[in-house]
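Student: Below: one structure in structure tokens.
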Number of protein chains: 2
Amino acid sequence: MKALVAVDWGTSSLRVARIGEDGTVLEERGNPRGILTVPAGGFPQVLDETCGDWLRQAPGELCLVSGMAGSRQGWVEAPYCACPAGFGEIGAHLQWIDARTAIVPGLSCEHDGVPDVLRGEEVQVFGAMSLLDQTEGLFVLPGTHSKWVRVEGGRVQSFSTWMSGEFYALLRQHSILARTLPAEDGPLDEDAFRQGLAQAAGSGSLLRAAFSARTLSLFDRMPAAGMPSYLSGLVIGEELRAQPRAASPVTVIGSATLAQRYASALTWQGTASRCLGAEATWRGLWRIARGVQA
Amino acid sequence: MKALVAVDWGTSSLRVARIGEDGTVLEERGNPRGILTVPAGGFPQVLDETCGDWLRQAPGELCLVSGMAGSRQGWVEAPYCACPAGFGEIGAHLQWIDARTAIVPGLSCEHDGVPDVLRGEEVQVFGAMSLLDQTEGLFVLPGTHSKWVRVEGGRVQSFSTWMSGEFYALLRQHSILARTLPAEDGPLDEDAFRQGLAQAAGSGSLLRAAFSARTLSLFDRMPAAGMPSYLSGLVIGEELRAQPRAASPVTVIGSATLAQRYASALTWQGTASRCLGAEATWRGLWRIARGVQA
């Protein structure tokens, strides 16, 4: 295959990379123009501003776009590809914009008559599978809406969405707990974080566990500086509590800080894990491109 | 005993009642002067404005105050009475302001090293026990922070706090779900409410179930008008999911609308229930007063 222009276009930022035939990232750039800042019809121009030189330099190179650029509010809507989905299904469901540019579709699945969706994370999971040469396992992508993804036989079989990052922000900023929390999160307090994990594991529901952050403050049982870490432990602990316990190591994909925090929570729970970062996205797009051009 | 001036002084409102020797409510009045509107030192004056005529008319009558008036931000702080607590313990822990006026303390208990507290609900539970002649059972007081209270041998043994009303408001107003919900809640959509209960029961955590409100909207599987009821079902269903299943009927104490909604959720779950309203507060204060004056 030829080189690839890889585009990761999310809600709040745009990242691009030029990737060589062998998967090496040759150059990488960022642009704060997430899709929410781009007016309808403005996507080609923003992409051109970001990496038009690469595109003109090598007009035959494929350009693959993942992330919210494929949503209804994005560049062109790329309908979700239904699970189970592997490289073959994703390749067949690319949404072509022109002869060289395609949007990678998100995935959908269904549990008890209720749909679930993801968009962008599928590329990271495919990248992790390729980097780790792994065709089975559980992947977690923490964030505003965390995704837990189950892969079997090299295909995503199902996944679920957990509004953990958003719940943390809601409780942190808008709930009664905000009154006794310091203005800034500060560095992670490991002890307070683990206390939160333990409380979540024993409480059976965040609806109940959350109030402990209030009473520990009222009774001066925990310093205010530890409270954000405790709350983070409560929320991540709730996410772990409600997962079936994984037998083999869980792969955590995300920014170093957040992935490390999940890995630490998994370790506390007795579950092995390994972490991957942004390299998973570029590898995933490269691997999908290889399938298309093979 | 003589008649009683009963005062239910909460965060956002003040209610008073004159109660006869036999427990009959002779007269009732309301005042929007919740404790948050009263400056430090201003409590005697606001009480005098609300029912000074009763107090002057019969200077020997007891005046019992329950609710947040006994909190750190209230009239006089009444330290929490530790569980187990029955009429005897509450009577012994009254916080006397003068020879005739006392504040009823809230309750505290501890689970796994974490304290829990309530203030005001104890009077409702004692009232319900007296009205139903009940010395055992499970009581639920739904609200911003729902309380589940276990009574054995005529004493509150333990309780737990669930931030259900607050989580509903956070999700309703500040989360991504707010984008697809109508501006007003409208009347309860029973079907959507039950769908929410079922989803909560199967999801294992509200962190996960909440996202279904998003995807059902995205996939046009539920009309926007039903969404607030669905979300209410998700939150109340989460509260029920995480409770040990009650063998005997649960007593729901609260405003008619909310108590009815919880009763309906309990029925859906297969748990029997009965509802009580404001009468529980007046009865509870009367019963506590009877113990003091006996």
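Ligands are numbered from 1 in the order shown, residues from 1 within each chain, and chains are lettered A, B, ... in the order they appear in the structure tokens.
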If we count only C-alpha atoms, what is near Asp189 of chain B at a cut-off of 8 Å, once residues fewer than 3 positions away on the same chain are taken out, given as a PyMOL selection string?
Tutor: chain B and resi 192-193+226+229-230
Student: Residues as selected, N, CA and C atoms, written as a PDB file, in the first residue's frame, can you do that?
Tutor:
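As a result, out.pdb now contains:
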ATOM      1  N   ALA B 192     -43.457   4.473  29.381  1.00  0.00           N
ATOM      2  CA  ALA B 192     -42.048   4.881  29.328  1.00  0.00           C
ATOM      3  C   ALA B 192     -41.408   4.706  30.700  1.00  0.00           C
ATOM      4  N   PHE B 193     -42.147   5.029  31.739  1.00  0.00           N
ATOM      5  CA  PHE B 193     -41.641   4.870  33.114  1.00  0.00           C
ATOM      6  C   PHE B 193     -41.282   3.403  33.366  1.00  0.00           C
ATOM      7  N   GLY B 226     -41.989  11.129  26.053  1.00  0.00           N
ATOM      8  CA  GLY B 226     -41.906  10.049  27.029  1.00  0.00           C
ATOM      9  C   GLY B 226     -40.578  10.001  27.783  1.00  0.00           C
ATOM     10  N   SER B 229     -40.220  10.612  31.666  1.00  0.00           N
ATOM     11  CA  SER B 229     -40.754   9.478  32.432  1.00  0.00           C
ATOM     12  C   SER B 229     -39.797   8.300  32.364  1.00  0.00           C
ATOM     13  N   TYR B 230     -39.214   8.082  31.187  1.00  0.00           N
ATOM     14  CA  TYR B 230     -38.234   6.994  31.043  1.00  0.00           C
ATOM     15  C   TYR B 230     -37.046   7.231  31.974  1.00  0.00           C
TER      16      TYR B 230
END
Student: Residues within 12 Å of Gly186 of chain A, please, as an MDAnalysis selection string. Count only C-alpha atoms; anything in the same chain fewer than 4 positions from it doesn't count.
Tutor: chainID A and resid 181:182 190 224:229
Student: Chain B residues within 6 Å of chain A, counting only C-alpha atoms: which ones, as a PyMOL selection string?
Tutor: chain B and resi 115+161-163+204+207-208+215+242
Student: Grab the residues selected above and save them as a PDB file, in the first residue's frame with N, CA, C and O atoms.
Tutor:
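Result went into selection_3.pdb, see below:
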ATOM      1  N   PRO B 115     -20.113   7.393  57.650  1.00  0.00           N
ATOM      2  CA  PRO B 115     -21.339   7.828  58.330  1.00  0.00           C
ATOM      3  C   PRO B 115     -22.466   8.138  57.337  1.00  0.00           C
ATOM      4  O   PRO B 115     -22.213   8.429  56.165  1.00  0.00           O
ATOM      5  N   THR B 161     -28.832   6.609  52.350  1.00  0.00           N
ATOM      6  CA  THR B 161     -29.228   7.777  51.558  1.00  0.00           C
ATOM      7  C   THR B 161     -28.931   7.528  50.083  1.00  0.00           C
ATOM      8  O   THR B 161     -27.837   7.066  49.747  1.00  0.00           O
ATOM      9  N   TRP B 162     -29.870   7.846  49.235  1.00  0.00           N
ATOM     10  CA  TRP B 162     -29.759   7.652  47.786  1.00  0.00           C
ATOM     11  C   TRP B 162     -30.026   8.988  47.116  1.00  0.00           C
ATOM     12  O   TRP B 162     -31.087   9.577  47.303  1.00  0.00           O
ATOM     13  N   MET B 163     -29.065   9.472  46.323  1.00  0.00           N
ATOM     14  CA  MET B 163     -29.182  10.820  45.757  1.00  0.00           C
ATOM     15  C   MET B 163     -30.045  10.829  44.485  1.00  0.00           C
ATOM     16  O   MET B 163     -29.715  11.453  43.479  1.00  0.00           O
ATOM     17  N   GLY B 204     -27.516  -3.020  35.623  1.00  0.00           N
ATOM     18  CA  GLY B 204     -26.502  -3.200  36.661  1.00  0.00           C
ATOM     19  C   GLY B 204     -25.921  -1.906  37.192  1.00  0.00           C
ATOM     20  O   GLY B 204     -25.257  -1.905  38.226  1.00  0.00           O
ATOM     21  N   LEU B 207     -24.843   4.343  35.546  1.00  0.00           N
ATOM     22  CA  LEU B 207     -23.788   4.854  34.660  1.00  0.00           C
ATOM     23  C   LEU B 207     -23.999   4.327  33.245  1.00  0.00           C
ATOM     24  O   LEU B 207     -23.694   5.004  32.273  1.00  0.00           O
ATOM     25  N   ARG B 208     -24.449   3.080  33.174  1.00  0.00           N
ATOM     26  CA  ARG B 208     -24.678   2.484  31.870  1.00  0.00           C
ATOM     27  C   ARG B 208     -26.102   2.742  31.366  1.00  0.00           C
ATOM     28  O   ARG B 208     -26.302   3.123  30.216  1.00  0.00           O
ATOM     29  N   THR B 215     -29.495   6.915  23.251  1.00  0.00           N
ATOM     30  CA  THR B 215     -29.590   6.122  22.013  1.00  0.00           C
ATOM     31  C   THR B 215     -31.044   5.904  21.599  1.00  0.00           C
ATOM     32  O   THR B 215     -31.335   5.876  20.405  1.00  0.00           O
ATOM     33  N   ALA B 242     -30.865  -1.816  43.646  1.00  0.00           N
ATOM     34  CA  ALA B 242     -29.762  -1.992  44.582  1.00  0.00           C
ATOM     35  C   ALA B 242     -30.229  -2.243  46.015  1.00  0.00           C
ATOM     36  O   ALA B 242     -29.410  -2.364  46.921  1.00  0.00           O
TER      37      ALA B 242
END
Student: Could you name the residues that touch Ala69 of chain A at 7 Å or less, counting only C-alpha atoms, but leaving out those on the same chain fewer than 2 positions away, as number ranges by chain?
Tutor: A: 9-10, 35, 66-67, 71, 74-76
Student: According to DSSP computed on the backbone, where in segment 5-166 of chain A is there helix (DSSP H, G or I)? Give the residues as a ChimeraX atom specification.
Tutor: /A:35-37,43-57,68-70,87-92,121-132,164-166
Student: Between atom CA of Arg245 of chain A and atom CA of Cys83 of chain A, what is the spacing in Å?
Tutor: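 The value is 22.2 Å.
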Student: List the neighbours of Asp8 of chain A out to 8 Å using only C-alpha atoms; skip same-chain residues closer than 5 positions along the sequence, and give me the result as a ChimeraX atom specification.
Tutor: /A:14-16,65-67,120,281
Student: B:Ala17, B:Ala58, B:Leu118, B:Leu107: which is nearest Lys2 of chain B, counting only C-alpha atoms?
Tutor: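 Residue with the minimum atom-to-atom distance to Lys2 of chain B: B:Ala58.
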